[in-house]
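Step one of this worksheet: look at the structure below.
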Amino acid sequence: MPTFEIGERDFLLDDRPHQVISGALHYFRVHPDLWADRLRKAKLMGLNTIETYVPWNFHSPEPEVFDLSGRRDLGRFLDLVADAGMHAIVRPGPYICAEWDGGGLPAWLSAVEGVGMRRYEPRFMAAVGYYFERLLPVVAERQVTRGGPVLMVQIENEYGAYGDDPAPDRERYLRALVDLTRAQGIEVPLFTCDQADDAMLSRGGLPELHKTATFGSRSTERLATLRRHQPTGPLMCMEFWNGWFDSWGMEHHLAPSEANARDLDELLAAGGSVNLYMFHGGTNFGLTNGANDKGLYRPIATSYDYDAPLAEHGAVTEKYHAMRAVIDKHAPVPDELPEPPAPAPAFDVALTEYLPLGEAAELPAPMRSYDRAPTMDAMRQWSGFALYRTRVRADDAVLVVDEIRDRAVVMLDGEPVGVLDRGTHTRAIALPQRDGLLELLVEDQGRVNYGPRIGEPKGLIGTARTATRELTEWEAAPVALDRAPEFLASRPWRDGSGLGPLAGPVLARGVFDTVAGADHHLRLAGWTKGLAWINGELLGRYWSAGPTGTLYVPGPLLRERGNELVLLELHGAASRKASFVEAPDLGVTAV
């Protein structure tokens, strides 16, 4: 059987020195029918390895649930990596960051009172053990030592940047993860990954684990930093940052191709191995995006294009060609190049039917009564929306909340009166001076994926007050967006043909024919903020705050006749029209 080992200076594949030239491609951000296409394009760029994180919460959305089917079929993905003639690196966490909701840690676990996230704590370690028992056998049977593609498996992720536990406690936690990993038959080398920073590299690993670093520039200097902490063995940049992610309300990030190529050349010429982060970014479909909060809350955009060599819709870029030319100097590269994609179909869709969200009575689960407004976590709503109701009086005058996570459309008797918003620290709003039913439609815009705020609850946090009193006697319920397509298919929609602007919160629907199997780019000019479904599949969030001007629609979601577009618009639309355009628009750029 093949072998993969860590030698004195090199990785050794079947006892021969081997330079790993890898690219990150997250199976969970790509439609599974397109996995093979993206892998083929990785091979044609000269990559010999594919790296992927594994998001725990993607596979385990509830306790005692573990799903490895469809989009979650990691085994099929790794088999396709092998079919493409490449190796694989798997990074199962339990924490992954990755700009993914909660950094991959399940919200249901962080909701357990007193649980010790990312440390040696009995409930956390028991949950990790359950996760590894179900996931790692899929990886184990596909190790290179058993004829499969998997070369290495990571322990934790950037642990040197997290927490302030004493060194013995940190080491105990990491060693427990090693034991849990080995217990599931993982025999290939294990490694850790931290930023090329002395403090983080010293805190994030164990002497017996191979250390790798993350950086995106000054390769020689960063490799020297890594060498101080990894005296022997191959040097590897496990995340070579060749782009960056986008956050709502900010610019689309670009990293110059020339600088990326120069730094990659320097890294490979030094004999280092590399994993491009990202080779292909993909999309935060559904409600899977994470968020950052370093004093200012910034949710991650639906597009995870990342300015990667392979664009979100699978097109090769200038950066692809620049990096391919560099790789060709150091390793074999196929002669073939991928064909550029044809322009996507372009046409307008009239959303001729609508349904005020207030009439979608079945979408909220049955309302329950509470003395104080509960968090979404207390309602076991791990993502999406929740609806809160209470009654106010004419003399209440203003609504003030201790904290909102993350955004609420505030309505009085169904009439929107304003927005509470974590991103702008807006915690107070004036109320019309009348008695009425106060409703808050609260949106979890993405759980923090990096830093000390990982695991915090969502919804209304603390107390809610008016000018005269604390508000009690609440009703609240989750909004069951997972049931929305099935529910809406049986609803009597209102006819909105020929009508003008649309007031939210509202659901709007249109039907269209198109080219089956072709990628599309959905533009929602004039719409404000909400969610978009195609044929019952939740594409993700849209927002006029930008930067993203289009939503990517994978071709496998589309058929020739009778496609359905449904939008949940939270505020209002200038017209009842949506458009499909020829190419993506990722927004105003920042270099």
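Letters A, B, ... go to the chains of the structure tokens in the order shown; residues in each chain start at 1; ligands are counted from 1 in the same order.
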
- Message: Excluding Pro340 of chain A and its own-chain neighbours fewer than 4 positions away, which residues fall within 10 Å of it when counting only C-alpha atoms? Please give them as a ChimeraX atom specification.
- Response: /A:314-317

Selection export as an mmCIF file, in the first residue's frame, atoms kept: N, CA and C atoms:
```cif
data_model
loop_
_atom_site.group_PDB
_atom_site.id
_atom_site.type_symbol
_atom_site.label_atom_id
_atom_site.label_comp_id
_atom_site.auth_asym_id
_atom_site.auth_seq_id
_atom_site.Cartn_x
_atom_site.Cartn_y
_atom_site.Cartn_z
ATOM 1 N N GLY A 314 -17.254 29.106 -11.354
ATOM 2 C CA GLY A 314 -16.431 28.091 -11.996
ATOM 3 C C GLY A 314 -15.621 28.573 -13.183
ATOM 4 N N ALA A 315 -15.508 29.876 -13.370
ATOM 5 C CA ALA A 315 -14.721 30.421 -14.484
ATOM 6 C C ALA A 315 -13.270 30.624 -14.056
ATOM 7 N N VAL A 316 -12.330 30.319 -14.964
ATOM 8 C CA VAL A 316 -10.929 30.608 -14.672
ATOM 9 C C VAL A 316 -10.710 32.115 -14.756
ATOM 10 N N THR A 317 -9.778 32.608 -13.978
ATOM 11 C CA THR A 317 -9.525 34.039 -13.871
ATOM 12 C C THR A 317 -8.086 34.353 -14.251
#
```

- So which bits of segment 198-430 of chain A end up strand (DSSP E or B) when you DSSP the backbone, as a ChimeraX atom specification? /A:210-215,236-241,247,252-253,273-280,283,289,291-293,297-300,303,310,316,347-350,353-356,364,368-370,375,384-392,398-405,407-412,415-421,426,428-430

- Message: as a PyMOL selection string, please: the residues near Glu443 of chain A (cut-off 9 Å, only C-alpha atoms, same-chain neighbours under 5 positions excluded).
- Response: chain A and resi 383-386+405-409+458-459

- Residue neighbourhood Val515 of chain A, 7 Å, only C-alpha atoms, exclusion window fewer than 3 positions, as a PyMOL selection string: chain A and resi 518+559-560

- Item | Surrounding residues of His31 of chain A excluding itself and chain neighbours under 4 positions, 10 Å, only C-alpha atoms, as a count of residues only | 12

- Message: Measuring between only C-alpha atoms, which one of A:Thr426, A:Ser273, A:Asn563, A:Thr468 shows the shortest distance to Phe11 of chain A?
- Response: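 Closest residue, counting only C-alpha atoms: A:Ser273.
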
Can you pull out the residues contacting Pro416 of chain A? Cut-off 9 Å, using only C-alpha atoms, and skip same-chain residues under 3 positions away; I want them as a PDB file with N, CA and C atoms, in the first residue's frame.
```pdb
ATOM      1  N   VAL A 409     -36.906  43.867  12.230  1.00  0.00           N
ATOM      2  CA  VAL A 409     -37.913  44.747  11.636  1.00  0.00           C
ATOM      3  C   VAL A 409     -39.017  44.904  12.671  1.00  0.00           C
ATOM      4  N   VAL A 410     -39.267  46.134  13.085  1.00  0.00           N
ATOM      5  CA  VAL A 410     -40.234  46.414  14.144  1.00  0.00           C
ATOM      6  C   VAL A 410     -41.527  46.895  13.512  1.00  0.00           C
ATOM      7  N   MET A 411     -42.653  46.294  13.917  1.00  0.00           N
ATOM      8  CA  MET A 411     -43.956  46.624  13.345  1.00  0.00           C
ATOM      9  C   MET A 411     -44.978  46.859  14.461  1.00  0.00           C
ATOM     10  N   LEU A 412     -45.875  47.781  14.229  1.00  0.00           N
ATOM     11  CA  LEU A 412     -46.994  48.025  15.129  1.00  0.00           C
ATOM     12  C   LEU A 412     -48.278  47.797  14.353  1.00  0.00           C
ATOM     13  N   ASP A 413     -49.040  46.814  14.777  1.00  0.00           N
ATOM     14  CA  ASP A 413     -50.262  46.409  14.079  1.00  0.00           C
ATOM     15  C   ASP A 413     -49.982  46.139  12.601  1.00  0.00           C
ATOM     16  N   VAL A 419     -36.135  49.798  12.373  1.00  0.00           N
ATOM     17  CA  VAL A 419     -35.223  48.652  12.434  1.00  0.00           C
ATOM     18  C   VAL A 419     -34.301  48.808  13.634  1.00  0.00           C
ATOM     19  N   GLY A 504     -42.890  45.507   2.306  1.00  0.00           N
ATOM     20  CA  GLY A 504     -42.599  44.322   3.095  1.00  0.00           C
ATOM     21  C   GLY A 504     -42.992  44.485   4.550  1.00  0.00           C
ATOM     22  N   PRO A 505     -42.800  43.445   5.334  1.00  0.00           N
ATOM     23  CA  PRO A 505     -42.304  42.122   4.959  1.00  0.00           C
ATOM     24  C   PRO A 505     -43.322  41.372   4.109  1.00  0.00           C
ATOM     25  N   HIS A 571     -38.295  44.676   3.535  1.00  0.00           N
ATOM     26  CA  HIS A 571     -38.573  46.110   3.599  1.00  0.00           C
ATOM     27  C   HIS A 571     -39.449  46.589   2.449  1.00  0.00           C
TER      28      HIS A 571
END
```

- Query: So which residues touch Gly536 of chain A within 12 Å, counting only C-alpha atoms, skipping near sequence neighbours fewer than 3 positions away, as a PyMOL selection string?
  - Reply: chain A and resi 286+481-489+509+531-533+539-540+557-558+563-567

Once you have the residues from the selection above, write them out as an mmCIF file, in the first residue's frame, restricted to C-alpha atoms.
```cif
data_model
loop_
_atom_site.group_PDB
_atom_site.id
_atom_site.type_symbol
_atom_site.label_atom_id
_atom_site.label_comp_id
_atom_site.auth_asym_id
_atom_site.auth_seq_id
_atom_site.Cartn_x
_atom_site.Cartn_y
_atom_site.Cartn_z
ATOM 1 C CA GLY A 286 -28.903 29.093 2.621
ATOM 2 C CA LEU A 481 -38.020 28.831 6.811
ATOM 3 C CA ASP A 482 -37.083 25.206 6.199
ATOM 4 C CA ARG A 483 -40.793 24.519 5.667
ATOM 5 C CA ALA A 484 -41.384 27.598 3.517
ATOM 6 C CA PRO A 485 -41.225 26.011 0.029
ATOM 7 C CA GLU A 486 -43.617 23.201 0.945
ATOM 8 C CA PHE A 487 -45.953 25.572 2.779
ATOM 9 C CA LEU A 488 -45.982 28.234 0.078
ATOM 10 C CA ALA A 489 -46.722 25.709 -2.677
ATOM 11 C CA ARG A 509 -43.349 34.727 -6.464
ATOM 12 C CA LEU A 531 -33.919 35.738 1.003
ATOM 13 C CA ALA A 532 -34.202 34.091 -2.418
ATOM 14 C CA TRP A 533 -35.365 30.575 -3.295
ATOM 15 C CA LEU A 539 -29.857 30.407 -2.460
ATOM 16 C CA GLY A 540 -29.070 32.709 0.435
ATOM 17 C CA LEU A 557 -31.129 23.748 -9.813
ATOM 18 C CA LEU A 558 -32.805 24.827 -13.056
ATOM 19 C CA ASN A 563 -39.004 27.342 -12.580
ATOM 20 C CA GLU A 564 -40.154 29.128 -9.445
ATOM 21 C CA LEU A 565 -38.476 32.179 -7.915
ATOM 22 C CA VAL A 566 -39.637 33.167 -4.409
ATOM 23 C CA LEU A 567 -38.324 36.174 -2.499
#
```

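From atom CA of Pro457 of chain A back to atom CA of Glu470 of chain A, the distance works out to 21.2 Å.
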
- Task: Using only C-alpha atoms, pick whichever of A:Leu363, A:Met200, A:Val349, A:Ala464 has the shortest atom-to-atom distance to Leu524 of chain A.
- Result: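 Of A:Leu363, A:Met200, A:Val349, A:Ala464, the one nearest Leu524 of chain A, counting only C-alpha atoms, is A:Val349.
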
At most 10 Å is the cut-off: for each residue in segment 106-187 of chain A with any atom that close to an atom of segment 207-215 of chain A, write down the nearest atom pair and the distance in Å rounded to one decimal, counting only C-alpha atoms, chain first then increasing number, as CSV.
```
residue,atom,partner,partner_atom,distance
A:Gln154,CA,A:Leu209,CA,9.4
A:Ile155,CA,A:Leu209,CA,8.6
A:Glu158,CA,A:Thr214,CA,9.0
A:Glu171,CA,A:Pro207,CA,9.9
A:Leu174,CA,A:Leu209,CA,9.8
A:Arg175,CA,A:Glu208,CA,9.6
A:Val178,CA,A:Leu209,CA,9.1
```

- Query: atom CA of Gly418 of chain A and atom CA of Thr472 of chain A, how far apart in Å?
  - Reply: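 These two atoms are separated by 20.7 Å.
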
- Mind the document's chain letters and residue numbers, and return as a PyMOL selection string the residues of segment 111-234 of chain A that DSSP labels alpha helix (DSSP H). chain A and resi 122-140+167-183+198-203+219-229

Give me a file of those residues, with C-alpha atoms, as a PDB file, in the first residue's frame.
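Printed below is out.pdb as written:
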```pdb
ATOM      1  CA  PRO A 122     -16.749  16.597  29.653  1.00  0.00           C
ATOM      2  CA  ARG A 123     -19.868  17.643  27.704  1.00  0.00           C
ATOM      3  CA  PHE A 124     -17.903  19.236  24.904  1.00  0.00           C
ATOM      4  CA  MET A 125     -15.532  16.303  24.581  1.00  0.00           C
ATOM      5  CA  ALA A 126     -18.415  13.817  24.604  1.00  0.00           C
ATOM      6  CA  ALA A 127     -20.072  15.723  21.762  1.00  0.00           C
ATOM      7  CA  VAL A 128     -16.802  15.830  19.796  1.00  0.00           C
ATOM      8  CA  GLY A 129     -16.452  12.087  20.348  1.00  0.00           C
ATOM      9  CA  TYR A 130     -19.936  11.501  18.913  1.00  0.00           C
ATOM     10  CA  TYR A 131     -19.056  13.693  15.920  1.00  0.00           C
ATOM     11  CA  PHE A 132     -15.729  11.982  15.224  1.00  0.00           C
ATOM     12  CA  GLU A 133     -17.252   8.500  15.590  1.00  0.00           C
ATOM     13  CA  ARG A 134     -19.615   9.265  12.726  1.00  0.00           C
ATOM     14  CA  LEU A 135     -17.388  11.364  10.501  1.00  0.00           C
ATOM     15  CA  LEU A 136     -13.873   9.988  10.717  1.00  0.00           C
ATOM     16  CA  PRO A 137     -14.584   6.427   9.535  1.00  0.00           C
ATOM     17  CA  VAL A 138     -15.499   8.019   6.185  1.00  0.00           C
ATOM     18  CA  VAL A 139     -12.051   9.608   6.124  1.00  0.00           C
ATOM     19  CA  ALA A 140     -10.230   6.569   7.521  1.00  0.00           C
ATOM     20  CA  ALA A 167      -0.642  25.559  28.807  1.00  0.00           C
ATOM     21  CA  PRO A 168      -1.302  22.204  30.572  1.00  0.00           C
ATOM     22  CA  ASP A 169      -5.055  22.544  29.937  1.00  0.00           C
ATOM     23  CA  ARG A 170      -4.514  23.418  26.286  1.00  0.00           C
ATOM     24  CA  GLU A 171      -2.200  20.458  25.816  1.00  0.00           C
ATOM     25  CA  ARG A 172      -4.659  18.125  27.528  1.00  0.00           C
ATOM     26  CA  TYR A 173      -7.404  19.254  25.142  1.00  0.00           C
ATOM     27  CA  LEU A 174      -5.268  18.833  22.029  1.00  0.00           C
ATOM     28  CA  ARG A 175      -4.031  15.411  23.138  1.00  0.00           C
ATOM     29  CA  ALA A 176      -7.615  14.318  23.773  1.00  0.00           C
ATOM     30  CA  LEU A 177      -8.472  15.317  20.202  1.00  0.00           C
ATOM     31  CA  VAL A 178      -5.494  13.319  18.948  1.00  0.00           C
ATOM     32  CA  ASP A 179      -6.697  10.282  20.905  1.00  0.00           C
ATOM     33  CA  LEU A 180     -10.256  10.623  19.562  1.00  0.00           C
ATOM     34  CA  THR A 181      -8.896  10.957  16.027  1.00  0.00           C
ATOM     35  CA  ARG A 182      -6.572   7.964  16.239  1.00  0.00           C
ATOM     36  CA  ALA A 183      -9.333   5.894  17.856  1.00  0.00           C
ATOM     37  CA  ASP A 198       5.603  33.252  17.279  1.00  0.00           C
ATOM     38  CA  ALA A 199       3.009  33.453  20.052  1.00  0.00           C
ATOM     39  CA  MET A 200       0.311  31.622  18.100  1.00  0.00           C
ATOM     40  CA  LEU A 201       2.621  28.893  16.813  1.00  0.00           C
ATOM     41  CA  SER A 202       3.940  28.262  20.321  1.00  0.00           C
ATOM     42  CA  ARG A 203       0.429  28.044  21.807  1.00  0.00           C
ATOM     43  CA  SER A 219       6.856  33.976   2.149  1.00  0.00           C
ATOM     44  CA  THR A 220      10.560  33.688   3.045  1.00  0.00           C
ATOM     45  CA  GLU A 221      10.084  35.608   6.280  1.00  0.00           C
ATOM     46  CA  ARG A 222       6.978  33.603   7.239  1.00  0.00           C
ATOM     47  CA  LEU A 223       8.693  30.283   6.514  1.00  0.00           C
ATOM     48  CA  ALA A 224      11.571  31.336   8.756  1.00  0.00           C
ATOM     49  CA  THR A 225       9.082  32.019  11.548  1.00  0.00           C
ATOM     50  CA  LEU A 226       7.564  28.586  11.043  1.00  0.00           C
ATOM     51  CA  ARG A 227      11.019  26.957  11.045  1.00  0.00           C
ATOM     52  CA  ARG A 228      11.713  28.353  14.512  1.00  0.00           C
ATOM     53  CA  HIS A 229       8.776  26.300  15.768  1.00  0.00           C
TER      54      HIS A 229
END
```
